[in-house]
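Data file: coords_31.txt. Format and content: compact mmCIF, C-alpha atoms (C1' of nucleotides).
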# COMPACT_ATOMS: atom_id res chain seq x y z
CA MET A 1 3.43 -24.42 -2.57
CA THR A 2 -0.09 -24.92 -1.17
CA SER A 3 -3.00 -26.04 -3.32
CA LEU A 4 -4.48 -22.55 -2.95
CA GLY A 5 -1.26 -21.23 -4.43
CA GLU A 6 -1.53 -23.69 -7.31
CA ALA A 7 -5.12 -22.65 -7.99
CA GLU A 8 -4.09 -19.02 -7.98
CA PHE A 9 -1.18 -19.76 -10.31
CA ALA A 10 -3.50 -21.50 -12.78
CA LEU A 11 -5.88 -18.53 -12.77
CA LEU A 12 -3.10 -16.02 -13.31
CA ASP A 13 -1.39 -18.18 -15.92
CA GLN A 14 -4.58 -18.22 -17.96
CA SER A 15 -5.08 -14.49 -17.39
CA TRP A 16 -1.56 -13.58 -18.60
CA HIS A 17 -1.39 -16.20 -21.36
CA ASP A 18 -2.08 -13.86 -24.28
CA ALA A 19 0.05 -10.98 -23.05
CA ILE A 20 3.34 -12.68 -22.14
CA THR A 21 5.38 -15.30 -23.97
CA PRO A 22 7.44 -17.46 -23.75
CA ASP A 23 6.34 -19.64 -20.84
CA ALA A 24 9.42 -18.89 -18.71
CA ALA A 25 8.86 -15.15 -19.01
CA ARG A 26 5.24 -15.57 -17.96
CA ARG A 27 6.18 -17.81 -15.04
CA MET A 28 8.62 -15.16 -13.87
CA LEU A 29 6.05 -12.38 -14.21
CA ILE A 30 3.43 -14.32 -12.24
CA ALA A 31 6.01 -15.09 -9.54
CA ALA A 32 6.84 -11.39 -9.37
CA ALA A 33 3.18 -10.37 -9.20
CA GLN A 34 2.53 -12.78 -6.32
CA ALA A 35 5.63 -11.62 -4.43
CA PHE A 36 4.87 -7.91 -4.99
CA ALA A 37 1.25 -8.43 -3.89
CA ASP A 38 2.29 -10.40 -0.79
CA LYS A 39 5.12 -8.28 0.51
CA GLY A 40 5.30 -5.14 -1.61
CA TYR A 41 7.76 -4.26 -4.37
CA HIS A 42 10.59 -3.02 -2.17
CA ALA A 43 10.41 -5.96 0.24
CA THR A 44 10.65 -8.39 -2.67
CA THR A 45 14.12 -9.46 -3.81
CA THR A 46 15.00 -10.73 -7.27
CA ARG A 47 16.07 -13.92 -5.47
CA ASP A 48 12.47 -14.27 -4.08
CA ILE A 49 11.02 -13.92 -7.55
CA ALA A 50 13.43 -16.39 -9.14
CA ALA A 51 12.85 -18.95 -6.37
CA ARG A 52 9.05 -18.71 -6.79
CA ALA A 53 9.49 -19.27 -10.53
CA GLY A 54 11.80 -22.24 -9.85
CA MET A 55 14.80 -20.67 -11.55
CA SER A 56 18.16 -19.12 -10.66
CA PRO A 57 18.47 -15.44 -9.62
CA ALA A 58 20.18 -14.60 -12.92
CA ALA A 59 17.21 -15.95 -14.92
CA VAL A 60 15.20 -12.83 -14.09
CA TYR A 61 17.44 -10.83 -16.44
CA ILE A 62 16.96 -13.12 -19.45
CA HIS A 63 13.44 -11.82 -20.07
CA TYR A 64 13.42 -8.51 -18.16
CA ARG A 65 15.77 -5.57 -18.02
CA SER A 66 15.40 -5.05 -14.26
CA LYS A 67 13.14 -5.65 -11.28
CA GLU A 68 11.40 -2.37 -12.06
CA ASP A 69 10.76 -3.51 -15.64
CA LEU A 70 8.93 -6.54 -14.24
CA LEU A 71 6.79 -4.21 -12.12
CA PHE A 72 6.07 -2.00 -15.12
CA GLN A 73 4.87 -4.92 -17.27
CA ILE A 74 2.50 -6.08 -14.51
CA SER A 75 1.23 -2.57 -13.84
CA LYS A 76 0.76 -1.57 -17.48
CA ILE A 77 -1.00 -4.73 -18.60
CA GLY A 78 -3.05 -4.80 -15.37
CA HIS A 79 -4.24 -1.24 -15.96
CA GLU A 80 -5.07 -2.05 -19.59
CA ARG A 81 -7.10 -5.07 -18.47
CA SER A 82 -9.14 -3.12 -15.95
CA LEU A 83 -9.77 -0.30 -18.44
CA LYS A 84 -10.94 -2.84 -21.03
CA LEU A 85 -13.32 -4.25 -18.44
CA LEU A 86 -14.98 -0.84 -18.12
CA THR A 87 -15.22 -0.04 -21.82
CA ALA A 88 -16.78 -3.47 -22.48
CA VAL A 89 -19.93 -2.35 -20.64
CA GLN A 90 -22.11 -0.65 -23.25
CA ASP A 91 -25.61 -0.49 -21.74
CA PRO A 92 -27.38 2.73 -22.85
CA ASP A 93 -29.27 3.17 -19.55
CA PRO A 94 -26.98 5.03 -17.08
CA ALA A 95 -28.18 3.12 -13.99
CA ASP A 96 -27.77 -0.26 -15.66
CA ARG A 97 -24.41 0.82 -17.06
CA MET A 98 -23.24 1.95 -13.63
CA ALA A 99 -24.42 -1.28 -12.00
CA ALA A 100 -22.64 -3.45 -14.58
CA THR A 101 -19.49 -1.31 -14.39
CA VAL A 102 -19.27 -1.43 -10.60
CA ALA A 103 -20.01 -5.16 -10.54
CA ALA A 104 -17.25 -5.82 -13.07
CA PHE A 105 -14.68 -3.45 -11.58
CA ALA A 106 -15.21 -4.48 -7.94
CA SER A 107 -15.26 -8.21 -8.68
CA TRP A 108 -12.06 -7.86 -10.77
CA HIS A 109 -10.30 -6.33 -7.76
CA ALA A 110 -11.31 -9.42 -5.78
CA GLU A 111 -10.75 -12.18 -8.33
CA PHE A 112 -7.47 -10.73 -9.58
CA ARG A 113 -6.49 -9.36 -6.23
CA THR A 114 -2.85 -10.25 -6.80
CA THR A 115 -2.58 -8.15 -9.95
CA ALA A 116 -4.90 -5.48 -8.53
CA ARG A 117 -2.74 -4.92 -5.46
CA VAL A 118 0.31 -4.32 -7.64
CA VAL A 119 -1.75 -2.03 -9.89
CA GLN A 120 -3.14 0.02 -6.99
CA TYR A 121 -0.36 0.05 -4.42
CA GLU A 122 2.96 0.05 -6.28
CA LEU A 123 2.57 3.13 -8.47
CA GLY A 124 5.22 4.92 -6.42
CA ALA A 125 7.85 2.29 -7.23
CA LEU A 126 7.65 2.92 -10.99
CA SER A 127 10.29 5.05 -12.71
CA PRO A 128 9.02 8.53 -13.67
CA GLU A 129 8.82 7.50 -17.35
CA HIS A 130 6.88 4.32 -16.60
CA HIS A 131 4.67 6.10 -14.08
CA ALA A 132 3.62 8.58 -16.78
CA VAL A 133 2.45 5.74 -19.04
CA VAL A 134 0.35 4.23 -16.27
CA ALA A 135 -1.00 7.60 -15.10
CA GLU A 136 -2.50 8.15 -18.55
CA LEU A 137 -4.38 4.84 -18.29
CA ARG A 138 -5.62 5.82 -14.82
CA ARG A 139 -6.97 9.12 -16.15
CA LYS A 140 -8.99 7.20 -18.75
CA ILE A 141 -10.45 4.95 -16.05
CA GLU A 142 -11.42 7.93 -13.89
CA THR A 143 -12.98 9.78 -16.82
CA HIS A 144 -14.97 6.71 -17.82
CA VAL A 145 -16.67 6.49 -14.42
CA ARG A 146 -17.22 10.25 -14.23
CA VAL A 147 -19.05 10.18 -17.57
CA ILE A 148 -21.47 7.52 -16.33
CA VAL A 149 -22.31 9.70 -13.31
CA GLU A 150 -22.81 12.72 -15.57
CA ASP A 151 -25.05 10.79 -17.96
CA GLY A 152 -27.15 9.56 -15.04
CA VAL A 153 -27.58 13.05 -13.64
CA LYS A 154 -28.57 14.36 -17.08
CA SER A 155 -31.19 11.64 -17.52
CA GLY A 156 -32.53 12.10 -13.98
CA ALA A 157 -31.54 8.56 -12.94
CA PHE A 158 -29.02 9.96 -10.47
CA GLN A 159 -29.09 13.04 -8.24
CA VAL A 160 -25.93 14.01 -6.33
CA PRO A 161 -24.66 17.33 -4.94
CA ASP A 162 -21.07 16.74 -6.17
CA GLN A 163 -20.68 14.68 -9.36
CA ASN A 164 -16.88 14.50 -9.24
CA GLY A 165 -17.03 13.58 -5.58
CA ALA A 166 -19.54 10.82 -6.24
CA ALA A 167 -17.47 9.40 -9.08
CA LEU A 168 -14.41 9.48 -6.82
CA ALA A 169 -16.27 7.58 -4.11
CA VAL A 170 -17.50 4.92 -6.55
CA LEU A 171 -13.99 4.30 -7.89
CA SER A 172 -12.51 4.36 -4.40
CA LEU A 173 -14.98 1.78 -3.13
CA CYS A 174 -14.14 -0.65 -5.93
CA ILE A 175 -10.37 -0.14 -5.75
CA ASP A 176 -10.25 -0.69 -1.99
CA VAL A 177 -11.59 -4.21 -2.51
CA ALA A 178 -8.01 -5.15 -3.41
CA ARG A 179 -6.93 -4.14 0.10
CA TRP A 180 -9.47 -6.04 2.20
CA TYR A 181 -10.49 -9.03 0.03
CA ARG A 182 -9.31 -12.47 1.15
CA PRO A 183 -9.82 -15.54 -1.08
CA ASP A 184 -10.98 -17.52 1.98
CA GLY A 185 -13.50 -14.87 3.06
CA LYS A 186 -17.28 -15.11 3.20
CA ARG A 187 -18.09 -13.46 -0.14
CA THR A 188 -17.14 -14.60 -3.64
CA PRO A 189 -15.86 -11.99 -6.09
CA ARG A 190 -19.21 -12.17 -7.91
CA GLU A 191 -21.13 -11.56 -4.68
CA ILE A 192 -18.94 -8.58 -3.88
CA GLY A 193 -19.68 -7.15 -7.33
CA GLU A 194 -23.43 -7.58 -6.81
CA LEU A 195 -23.34 -6.11 -3.29
CA TYR A 196 -21.37 -3.08 -4.48
CA ALA A 197 -23.53 -2.48 -7.56
CA ASP A 198 -26.56 -2.33 -5.26
CA LEU A 199 -24.88 -0.03 -2.73
CA VAL A 200 -23.68 2.37 -5.44
CA LEU A 201 -27.11 2.63 -7.06
CA ARG A 202 -28.61 3.44 -3.66
CA MET A 203 -25.95 6.10 -3.15
CA LEU A 204 -26.64 7.83 -6.49
CA ARG A 205 -30.43 7.49 -6.61
CA PRO A 206 -32.51 10.70 -6.29
CA LEU A 207 -33.93 11.50 -2.86
CA SER A 208 -37.60 10.68 -2.90
CA MET B 209 12.34 21.32 3.39
CA THR B 210 9.41 23.09 1.72
CA SER B 211 6.92 25.25 3.58
CA LEU B 212 4.28 22.58 2.99
CA GLY B 213 6.60 20.15 4.75
CA GLU B 214 7.03 22.59 7.62
CA ALA B 215 3.27 23.02 7.97
CA GLU B 216 2.82 19.26 7.97
CA PHE B 217 5.55 18.89 10.56
CA ALA B 218 3.89 21.40 12.86
CA LEU B 219 0.55 19.58 12.57
CA LEU B 220 2.10 16.21 13.31
CA ASP B 221 4.29 17.58 16.11
CA GLN B 222 1.16 18.87 17.85
CA SER B 223 -0.65 15.61 17.17
CA TRP B 224 2.12 13.44 18.67
CA HIS B 225 3.04 15.85 21.47
CA ASP B 226 1.25 13.99 24.27
CA ALA B 227 2.22 10.50 23.17
CA ILE B 228 5.98 10.81 22.58
CA THR B 229 8.71 12.46 24.63
CA PRO B 230 11.46 13.65 24.64
CA ASP B 231 11.52 16.05 21.69
CA ALA B 232 14.25 14.14 19.84
CA ALA B 233 12.28 10.91 20.01
CA ARG B 234 9.19 12.68 18.67
CA ARG B 235 11.16 14.35 15.89
CA MET B 236 12.52 10.96 14.88
CA LEU B 237 9.06 9.37 14.93
CA ILE B 238 7.55 12.14 12.78
CA ALA B 239 10.46 11.84 10.34
CA ALA B 240 9.82 8.09 10.16
CA ALA B 241 6.07 8.54 9.64
CA GLN B 242 6.66 10.99 6.79
CA ALA B 243 9.22 8.70 5.15
CA PHE B 244 7.06 5.57 5.54
CA ALA B 245 4.03 7.42 4.15
CA ASP B 246 6.00 8.81 1.18
CA LYS B 247 7.92 5.74 0.09
CA GLY B 248 6.71 2.80 2.15
CA TYR B 249 8.38 1.08 5.09
CA HIS B 250 10.69 -1.17 3.11
CA ALA B 251 11.87 1.58 0.75
CA THR B 252 12.76 3.77 3.72
CA THR B 253 16.26 3.47 5.17
CA THR B 254 17.27 4.36 8.72
CA ARG B 255 19.59 6.90 7.07
CA ASP B 256 16.53 8.56 5.43
CA ILE B 257 14.78 8.82 8.77
CA ALA B 258 17.80 10.20 10.60
CA ALA B 259 18.49 12.75 7.85
CA ARG B 260 14.88 13.99 7.94
CA ALA B 261 15.18 14.38 11.72
CA GLY B 262 18.49 16.22 11.29
CA MET B 263 20.52 13.63 13.19
CA SER B 264 23.09 10.90 12.54
CA PRO B 265 22.05 7.38 11.46
CA ALA B 266 23.01 5.99 14.87
CA ALA B 267 20.64 8.39 16.67
CA VAL B 268 17.66 6.28 15.59
CA TYR B 269 18.74 3.61 18.08
CA ILE B 270 18.91 5.92 21.08
CA HIS B 271 15.14 6.10 21.38
CA TYR B 272 14.01 3.04 19.42
CA ARG B 273 15.05 -0.59 19.39
CA SER B 274 14.83 -0.97 15.60
CA LYS B 275 13.24 0.41 12.45
CA GLU B 276 10.32 -1.95 13.03
CA ASP B 277 9.86 -0.60 16.57
CA LEU B 278 9.46 2.88 15.09
CA LEU B 279 6.79 1.51 12.74
CA PHE B 280 5.01 -0.22 15.61
CA GLN B 281 4.84 2.97 17.72
CA ILE B 282 3.35 4.91 14.80
CA SER B 283 0.90 2.14 13.94
CA LYS B 284 -0.24 1.45 17.50
CA ILE B 285 -0.75 5.07 18.52
CA GLY B 286 -2.31 5.87 15.14
CA HIS B 287 -4.82 3.04 15.55
CA GLU B 288 -5.61 4.17 19.11
CA ARG B 289 -6.20 7.71 17.87
CA SER B 290 -8.59 6.66 15.15
CA LEU B 291 -10.48 4.33 17.52
CA LYS B 292 -10.83 7.17 20.05
CA LEU B 293 -12.23 9.35 17.27
CA LEU B 294 -15.04 6.83 16.74
CA THR B 295 -15.89 6.23 20.40
CA ALA B 296 -16.06 10.01 20.99
CA VAL B 297 -19.23 10.15 18.86
CA GLN B 298 -22.13 9.46 21.22
CA ASP B 299 -25.26 10.64 19.41
CA PRO B 300 -28.22 8.36 20.29
CA ASP B 301 -29.84 8.62 16.84
CA PRO B 302 -28.23 6.01 14.54
CA ALA B 303 -28.35 8.17 11.40
CA ASP B 304 -26.81 11.16 13.17
CA ARG B 305 -24.24 8.91 14.82
CA MET B 306 -23.30 7.35 11.49
CA ALA B 307 -23.02 10.76 9.83
CA ALA B 308 -20.77 12.12 12.60
CA THR B 309 -18.68 8.92 12.65
CA VAL B 310 -18.10 8.88 8.89
CA ALA B 311 -17.34 12.61 8.84
CA ALA B 312 -14.76 12.20 11.62
CA PHE B 313 -13.19 9.01 10.30
CA ALA B 314 -12.97 10.10 6.66
CA SER B 315 -11.64 13.58 7.47
CA TRP B 316 -9.01 12.08 9.81
CA HIS B 317 -7.73 9.93 6.95
CA ALA B 318 -7.29 13.14 4.94
CA GLU B 319 -5.94 15.53 7.59
CA PHE B 320 -3.59 12.95 9.09
CA ARG B 321 -2.92 11.24 5.81
CA THR B 322 0.71 10.69 6.72
CA THR B 323 -0.12 8.69 9.84
CA ALA B 324 -3.14 7.09 8.17
CA ARG B 325 -1.10 5.71 5.29
CA VAL B 326 1.27 4.02 7.72
CA VAL B 327 -1.70 2.73 9.73
CA GLN B 328 -3.51 1.32 6.69
CA TYR B 329 -0.73 0.19 4.35
CA GLU B 330 2.16 -1.03 6.49
CA LEU B 331 0.43 -3.72 8.59
CA GLY B 332 2.36 -6.40 6.73
CA ALA B 333 5.71 -4.98 7.81
CA LEU B 334 4.95 -5.42 11.53
CA SER B 335 6.42 -8.39 13.41
CA PRO B 336 3.83 -11.10 14.21
CA GLU B 337 3.71 -10.00 17.87
CA HIS B 338 3.21 -6.34 17.03
CA HIS B 339 0.73 -7.18 14.30
CA ALA B 340 -1.42 -9.03 16.83
CA VAL B 341 -1.62 -5.92 19.05
CA VAL B 342 -2.72 -3.76 16.14
CA ALA B 343 -5.15 -6.38 14.78
CA GLU B 344 -7.05 -6.26 18.08
CA LEU B 345 -7.49 -2.48 17.73
CA ARG B 346 -8.70 -2.96 14.16
CA ARG B 347 -11.32 -5.47 15.28
CA LYS B 348 -12.67 -2.89 17.74
CA ILE B 349 -12.90 -0.28 14.97
CA GLU B 350 -14.77 -2.71 12.69
CA THR B 351 -17.16 -3.77 15.42
CA HIS B 352 -17.89 -0.16 16.31
CA VAL B 353 -19.07 0.64 12.78
CA ARG B 354 -21.01 -2.62 12.46
CA VAL B 355 -22.96 -1.80 15.63
CA ILE B 356 -24.06 1.56 14.23
CA VAL B 357 -25.39 -0.18 11.12
CA GLU B 358 -27.21 -2.74 13.27
CA ASP B 359 -28.75 -0.05 15.49
CA GLY B 360 -29.94 1.84 12.43
CA VAL B 361 -31.54 -1.24 10.93
CA LYS B 362 -33.28 -2.03 14.24
CA SER B 363 -34.67 1.51 14.50
CA GLY B 364 -35.75 1.54 10.86
CA ALA B 365 -33.41 4.41 9.98
CA PHE B 366 -31.41 2.10 7.69
CA GLN B 367 -32.45 -0.73 5.41
CA VAL B 368 -29.77 -2.87 3.77
CA PRO B 369 -29.75 -6.44 2.45
CA ASP B 370 -26.34 -7.27 4.00
CA GLN B 371 -25.47 -5.47 7.24
CA ASN B 372 -21.89 -6.75 7.47
CA GLY B 373 -21.36 -5.91 3.81
CA ALA B 374 -22.67 -2.39 4.30
CA ALA B 375 -20.46 -1.82 7.36
CA LEU B 376 -17.48 -3.10 5.36
CA ALA B 377 -18.24 -0.68 2.53
CA VAL B 378 -18.55 2.28 4.90
CA LEU B 379 -15.21 1.53 6.55
CA SER B 380 -13.56 0.85 3.20
CA LEU B 381 -14.73 4.17 1.77
CA CYS B 382 -13.27 6.13 4.69
CA ILE B 383 -9.99 4.21 4.81
CA ASP B 384 -9.34 4.60 1.09
CA VAL B 385 -9.26 8.39 1.56
CA ALA B 386 -5.68 7.90 2.79
CA ARG B 387 -4.78 6.48 -0.64
CA TRP B 388 -6.19 9.18 -2.91
CA TYR B 389 -6.18 12.35 -0.79
CA ARG B 390 -3.67 15.06 -1.74
CA PRO B 391 -3.17 18.14 0.49
CA ASP B 392 -3.21 20.36 -2.60
CA GLY B 393 -6.43 18.84 -3.97
CA LYS B 394 -9.82 20.52 -4.45
CA ARG B 395 -11.47 19.39 -1.21
CA THR B 396 -10.46 20.12 2.38
CA PRO B 397 -10.52 17.26 4.90
CA ARG B 398 -13.69 18.75 6.42
CA GLU B 399 -15.40 18.87 3.01
CA ILE B 400 -14.47 15.26 2.35
CA GLY B 401 -16.00 14.28 5.70
CA GLU B 402 -19.23 16.09 4.85
CA LEU B 403 -19.39 14.63 1.33
CA TYR B 404 -18.85 11.11 2.63
CA ALA B 405 -21.34 11.43 5.51
CA ASP B 406 -23.98 12.43 2.95
CA LEU B 407 -23.11 9.61 0.53
CA VAL B 408 -23.16 6.99 3.29
CA LEU B 409 -26.55 8.09 4.61
CA ARG B 410 -27.95 7.86 1.06
CA MET B 411 -26.48 4.38 0.76
CA LEU B 412 -28.08 3.12 3.97
CA ARG B 413 -31.44 4.85 3.78
CA PRO B 414 -34.54 2.66 3.20
CA LEU B 415 -35.85 2.45 -0.37
CA SER B 416 -38.94 4.59 -0.58
C1' DG C 417 22.53 11.64 24.09
C1' DT C 418 24.89 12.24 20.10
C1' DC C 419 28.63 11.52 17.22
C1' DT C 420 32.07 8.87 13.70
C1' DA C 421 33.36 4.61 12.06
C1' DT C 422 32.50 0.13 10.76
C1' DA C 423 31.03 -4.85 11.21
C1' DG C 424 28.42 -8.19 8.91
C1' DC C 425 25.03 -9.11 5.74
C1' DC C 426 22.21 -9.08 1.62
C1' DC C 427 20.91 -6.74 -2.54
C1' DG C 428 20.55 -5.86 -7.86
C1' DA C 429 22.86 -6.90 -11.66
C1' DT C 430 26.63 -8.96 -14.69
C1' DA C 431 30.37 -12.32 -16.57
C1' DG C 432 31.25 -16.29 -18.66
C1' DA C 433 30.67 -21.51 -18.98
C1' DC C 434 27.61 -24.76 -21.12
C1' DG D 435 18.22 -19.80 -22.38
C1' DT D 436 19.82 -21.19 -18.07
C1' DC D 437 23.30 -21.94 -14.90
C1' DT D 438 27.19 -20.84 -11.08
C1' DA D 439 29.98 -17.42 -9.27
C1' DT D 440 30.72 -12.94 -7.96
C1' DC D 441 31.25 -7.68 -8.12
C1' DG D 442 30.27 -3.36 -6.11
C1' DG D 443 27.43 -1.18 -3.16
C1' DG D 444 23.97 -0.05 0.39
C1' DC D 445 21.65 -1.85 4.27
C1' DT D 446 20.60 -2.37 9.69
C1' DA D 447 22.63 -2.21 13.75
C1' DT D 448 26.56 -1.79 17.05
C1' DA D 449 31.18 -0.14 19.21
C1' DG D 450 33.40 3.22 21.39
C1' DA D 451 34.87 8.29 21.79
C1' DC D 452 33.15 12.54 23.72

Could I get this structure in the form of structure tokens?
Amino acid sequence: MTSLGEAEFALLDQSWHDAITPDAARRMLIAAAQAFADKGYHATTTRDIAARAGMSPAAVYIHYRSKEDLLFQISKIGHERSLKLLTAVQDPDPADRMAATVAAFASWHAEFRTTARVVQYELGALSPEHHAVVAELRRKIETHVRVIVEDGVKSGAFQVPDQNGAALAVLSLCIDVARWYRPDGKRTPREIGELYADLVLRMLRPLS
Amino acid sequence: MTSLGEAEFALLDQSWHDAITPDAARRMLIAAAQAFADKGYHATTTRDIAARAGMSPAAVYIHYRSKEDLLFQISKIGHERSLKLLTAVQDPDPADRMAATVAAFASWHAEFRTTARVVQYELGALSPEHHAVVAELRRKIETHVRVIVEDGVKSGAFQVPDQNGAALAVLSLCIDVARWYRPDGKRTPREIGELYADLVLRMLRPLS
DNA sequence: GTCTATAGCCCGATAGAC
DNA sequence: GTCTATCGGGCTATAGAC
């Protein structure tokens, strides 16, 4: 494993520390998240996951029911994390709230790109029952952003012809960071958050 | 097959008519594109593809070397199509050119969502040699958009703190349409193009 | 060009020892 | 809780008849 891989493991291990115990279960989940993010769920074998975690293929089934169960845990907790990120922003001014929300949401998709890619691109691999759980979390995320746009339009801070369309574009912009971001790229996650907060405020600001 | 599926087939058949002959090869390629877009490359079996095309599993190998070859044809021609879409816009005014470019690029990702999803989300499944061919086309697409931003900044039509960052955001916004667009959604591809052209011009316009 | 049949391989998941 | 060994099945691709 490269030192970049080790750094990423340490970051993810800290990030998942509260949610998953014991250690072996967490190691397996992080291995799965990295494999799913790299190659996609269907291209990943349970043997891949076990090898990344330094265990035998059968060890996957000690802590998880199936490969899909592993995906569900990553997706569910990942969605809960990103929703919590949004609800933590409490600024009463709509423009400030939008800027802080976009900065947090976009930079999360860069910093936790591994988790974010699983969250955003592997929905279709979930079982119908598990997909329904995650879809409910996604609705909450979408509503949260739409409300900020609506508040801004009410207060006069924003002026857009299509509020739902604008909210869709804001979410889309942040989510797509998980697709193009590379850890060795020019911009840090924080810089991406700042850049995007600025671009979104320009997009929503009233025409002068 | 549903009537929606038949309508989509007719659209794609027309779209691929010039590029792929004979008919059986084109039918197979369209079947593959629909399967890859629905479930992803790795989740799609050659049996799926053949069944969608109404042929036997072995028929895939009459016109294509492998499953990956089928993916490469879709990806390469899809990238060429979307690049051609951009170079067709020739307006001398940077703001008008950007608006027309974004409208065309975003609406293509909606109307040809099936092809676009393969183009944007299955790069990792290409062989290294095939990936290199497609990566060169992607660089041309990125450069094309970056030049419009630069021209607009030079002319004073645009004012942004980070030109590369702004070009990245514009491309990202259009590409992500392929992820969220649904044919039965509220907005037509044309309406999405118009919405996005407006939002992008707001984003790039000088602060007053 | 298209079919049926199948070779050869690898997958997800389980059994049972320790 | 982790291992080795393996089952049953589905996969990509090919062989050979028509």

Item to complete: Tell me the residues of chain B close to chain C, meaning within 12 Å using only C-alpha atoms (C1' of nucleotides), as a list in words.
Response: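 Residues passing the distance filter: Pro230, Ala232, Ala233, Gly262, Met263, Ser264, Pro265, Ala266, Ala267, Val268, Tyr269, Ile270 and His271 of chain B.
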
Practice prompt. Measure the distance from atom CA of Lys140 of chain A to atom CA of Ala169 of chain A in Å and round it to one decimal.
Written response: 16.4 Å

With a distance threshold of 10 Å and counting only C-alpha atoms, extract the residues of chain A near chain B and express them as an mmCIF file with C-alpha atoms, keeping the file's coordinate frame.
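Saved result, part-v6.cif, follows:
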data_model
loop_
_atom_site.group_PDB
_atom_site.id
_atom_site.type_symbol
_atom_site.label_atom_id
_atom_site.label_comp_id
_atom_site.auth_asym_id
_atom_site.auth_seq_id
_atom_site.Cartn_x
_atom_site.Cartn_y
_atom_site.Cartn_z
ATOM 1 C CA ASP A 38 2.290 -10.400 -0.790
ATOM 2 C CA LYS A 39 5.120 -8.280 0.510
ATOM 3 C CA GLY A 40 5.300 -5.140 -1.610
ATOM 4 C CA TYR A 41 7.760 -4.260 -4.370
ATOM 5 C CA HIS A 42 10.590 -3.020 -2.170
ATOM 6 C CA ALA A 43 10.410 -5.960 0.240
ATOM 7 C CA THR A 44 10.650 -8.390 -2.670
ATOM 8 C CA GLN A 120 -3.140 0.020 -6.990
ATOM 9 C CA TYR A 121 -0.360 0.050 -4.420
ATOM 10 C CA GLU A 122 2.960 0.050 -6.280
ATOM 11 C CA GLY A 124 5.220 4.920 -6.420
ATOM 12 C CA ALA A 125 7.850 2.290 -7.230
ATOM 13 C CA VAL A 160 -25.930 14.010 -6.330
ATOM 14 C CA PRO A 161 -24.660 17.330 -4.940
ATOM 15 C CA ASP A 162 -21.070 16.740 -6.170
ATOM 16 C CA GLY A 165 -17.030 13.580 -5.580
ATOM 17 C CA ALA A 166 -19.540 10.820 -6.240
ATOM 18 C CA LEU A 168 -14.410 9.480 -6.820
ATOM 19 C CA ALA A 169 -16.270 7.580 -4.110
ATOM 20 C CA VAL A 170 -17.500 4.920 -6.550
ATOM 21 C CA LEU A 171 -13.990 4.300 -7.890
ATOM 22 C CA SER A 172 -12.510 4.360 -4.400
ATOM 23 C CA LEU A 173 -14.980 1.780 -3.130
ATOM 24 C CA CYS A 174 -14.140 -0.650 -5.930
ATOM 25 C CA ILE A 175 -10.370 -0.140 -5.750
ATOM 26 C CA ASP A 176 -10.250 -0.690 -1.990
ATOM 27 C CA VAL A 177 -11.590 -4.210 -2.510
ATOM 28 C CA ARG A 179 -6.930 -4.140 0.100
ATOM 29 C CA TRP A 180 -9.470 -6.040 2.200
ATOM 30 C CA ARG A 187 -18.090 -13.460 -0.140
ATOM 31 C CA ILE A 192 -18.940 -8.580 -3.880
ATOM 32 C CA LEU A 195 -23.340 -6.110 -3.290
ATOM 33 C CA TYR A 196 -21.370 -3.080 -4.480
ATOM 34 C CA ASP A 198 -26.560 -2.330 -5.260
ATOM 35 C CA LEU A 199 -24.880 -0.030 -2.730
ATOM 36 C CA VAL A 200 -23.680 2.370 -5.440
ATOM 37 C CA LEU A 201 -27.110 2.630 -7.060
ATOM 38 C CA ARG A 202 -28.610 3.440 -3.660
ATOM 39 C CA MET A 203 -25.950 6.100 -3.150
ATOM 40 C CA LEU A 204 -26.640 7.830 -6.490
ATOM 41 C CA ARG A 205 -30.430 7.490 -6.610
ATOM 42 C CA PRO A 206 -32.510 10.700 -6.290
ATOM 43 C CA LEU A 207 -33.930 11.500 -2.860
ATOM 44 C CA SER A 208 -37.600 10.680 -2.900
#

Worksheet item: Mind listing as an MDAnalysis selection string which residues of chain D are within 12 Å of chain B, counting only C-alpha atoms (C1' of nucleotides)?
Response: chainID D and resid 444:449

Worksheet item: Of the residues A:Arg190, A:Asp13, A:Glu111, A:Asp151, which is the one nearest to Asp91 of chain A, using only C-alpha atoms?
Response: A:Asp151

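What separates atom CA of Val357 of chain B from atom CA of Arg305 of chain B is a distance of 9.9 Å.
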
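As for atom CA of Val327 of chain B and atom CA of Leu291 of chain B, they are spaced 11.8 Å apart.
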
Produce the centre coordinates and the three edge lengths, each in Å to one decimal, of the box along x, y and z that contains all listed atoms of segment 418-431 of chain C with 6 Å added on each side, as AutoDock Vina command-line options.
--center_x 27.0 --center_y 0.0 --center_z 1.8 --size_x 24.8 --size_y 36.6 --size_z 48.7

Discussion item. Just want the 12 Å neighbourhood of Leu345 of chain B, counted on all atoms listed in the file, with same-chain residues fewer than 6 positions away dropped. Output as a list in words.
Written reply: Ser283, Lys284, Ile285, Gly286, His287, Glu288, Arg289, Ser290, Leu291, Lys292, Val327, His338, His339, Thr351 and His352 of chain B

Item to complete: Just give me the residues with any atom within 8 Å of (7.7, 1.5, 10.5), file coordinates, counting all atoms listed in the file, written as number ranges by chain.
Response: B: 240-241, 244, 249, 275-283, 326, 330, 333-334

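Take the candidates A:Ala31, A:Ala103, A:Val89, A:Met98 and check each one against Glu191 of chain A using all atoms listed in the file; the shortest distance goes to A:Ala103.
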